[in-house]
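K.L.:
For reference, the structure I am asking about is given below.
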Amino acid sequence: MNAIFHNLTVQQIQVAKGDNKKQRNLIFYEYYQRKLAEGKTKKQALICVMRRLVNIIYSMMKNKTPYIAAAALTERKAS
């Protein structure tokens, strides 16, 4: 399970392939960068992102709700 969540986490903070070169998940990438700025090592910051991802997935399973990205929530509130 740890390896699966590690791979998911790495994919979330990577830059997407192709011509656009944008982040796959800007929220997780910004959180990762914030942890690096706090003085954590890359490995420690990755573990912080992984823990957040695990917490989100656990909450989704517990409450039986779909994942709604934070950007989508702010767009919906503005409408």
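So you can find residues: chains in the structure tokens are A, B, ... in the order shown, residues in each start at 1, and ligands are numbered from 1 in order.
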Residues near A:Pro66, anyone? I mean within 12 Å using only C-alpha atoms, not counting same-chain ones fewer than 6 positions away, as a PyMOL selection string.
P.N.:
chain A and resi 56-60
K.L.:
Next, dump the selected residues to file, keeping only all heavy atoms, as an mmCIF file, in the first residue's frame.
P.N.:
```
data_model
loop_
_atom_site.group_PDB
_atom_site.id
_atom_site.type_symbol
_atom_site.label_atom_id
_atom_site.label_comp_id
_atom_site.auth_asym_id
_atom_site.auth_seq_id
_atom_site.Cartn_x
_atom_site.Cartn_y
_atom_site.Cartn_z
ATOM 1 N N ILE A 56 -7.466 12.222 2.344
ATOM 2 C CA ILE A 56 -8.547 12.547 1.403
ATOM 3 C C ILE A 56 -9.240 11.268 0.940
ATOM 4 O O ILE A 56 -10.476 11.183 0.933
ATOM 5 C CB ILE A 56 -7.999 13.347 0.207
ATOM 6 C CG1 ILE A 56 -7.606 14.750 0.654
ATOM 7 C CG2 ILE A 56 -9.017 13.407 -0.929
ATOM 8 C CD1 ILE A 56 -6.834 15.541 -0.371
ATOM 9 N N ILE A 57 -8.459 10.270 0.573
ATOM 10 C CA ILE A 57 -9.039 9.009 0.091
ATOM 11 C C ILE A 57 -9.819 8.322 1.211
ATOM 12 O O ILE A 57 -10.930 7.814 0.985
ATOM 13 C CB ILE A 57 -7.946 8.097 -0.493
ATOM 14 C CG1 ILE A 57 -7.403 8.725 -1.778
ATOM 15 C CG2 ILE A 57 -8.480 6.698 -0.763
ATOM 16 C CD1 ILE A 57 -6.185 8.053 -2.339
ATOM 17 N N TYR A 58 -9.292 8.329 2.420
ATOM 18 C CA TYR A 58 -10.016 7.727 3.546
ATOM 19 C C TYR A 58 -11.348 8.431 3.779
ATOM 20 O O TYR A 58 -12.384 7.793 3.978
ATOM 21 C CB TYR A 58 -9.163 7.777 4.814
ATOM 22 C CG TYR A 58 -9.928 7.317 6.035
ATOM 23 C CD1 TYR A 58 -10.189 5.966 6.242
ATOM 24 C CD2 TYR A 58 -10.399 8.237 6.969
ATOM 25 C CE1 TYR A 58 -10.898 5.543 7.348
ATOM 26 C CE2 TYR A 58 -11.113 7.818 8.076
ATOM 27 C CZ TYR A 58 -11.360 6.469 8.261
ATOM 28 O OH TYR A 58 -12.067 6.055 9.350
ATOM 29 N N SER A 59 -11.331 9.751 3.749
ATOM 30 C CA SER A 59 -12.562 10.521 3.942
ATOM 31 C C SER A 59 -13.585 10.227 2.847
ATOM 32 O O SER A 59 -14.784 10.114 3.125
ATOM 33 C CB SER A 59 -12.235 12.016 3.975
ATOM 34 O OG SER A 59 -13.402 12.762 4.109
ATOM 35 N N MET A 60 -13.112 10.105 1.619
ATOM 36 C CA MET A 60 -14.020 9.784 0.504
ATOM 37 C C MET A 60 -14.662 8.419 0.719
ATOM 38 O O MET A 60 -15.866 8.249 0.494
ATOM 39 C CB MET A 60 -13.260 9.799 -0.821
ATOM 40 C CG MET A 60 -12.867 11.175 -1.289
ATOM 41 S SD MET A 60 -11.731 11.154 -2.698
ATOM 42 C CE MET A 60 -12.449 9.966 -3.772
#
```
K.L.:
Within 12 Å of A:Asn55, counting only C-alpha atoms, which residues show up once you throw out same-chain ones fewer than 6 positions away? Write them as an NGL selection string, please.
P.N.:
:A and (5 or 48-49 or 61-62 or 67)
K.L.:
Can you tell me which residues surround stretch 31-40 of chain A at a distance of at most 12 Å, considering only C-alpha atoms, apart from same-chain residues fewer than 2 positions away, and format the answer as a VMD selection string?
P.N.:
chain A and resid 9 to 10 12 to 14 25 to 29 42 to 53
K.L.:
Do you have the atom CA of A:Val15-atom CA of A:Ala70 distance handy?
P.N.:
18.9 Å
K.L.:
Atom CA of A:Ala69 to atom CA of A:Ala3: how many Å, to one decimal?
P.N.:
23.6 Å
K.L.:
One number please: atom CA of A:Asn20 to atom CA of A:Thr41, in Å, one decimal.
P.N.:
28.2 Å
K.L.:
Apply DSSP to the backbone of this structure and, from chain A, keep only the residues in alpha helix (DSSP H); write these as a ChimeraX atom specification.
P.N.:
/A:2-13,26-37,42-63,70-78
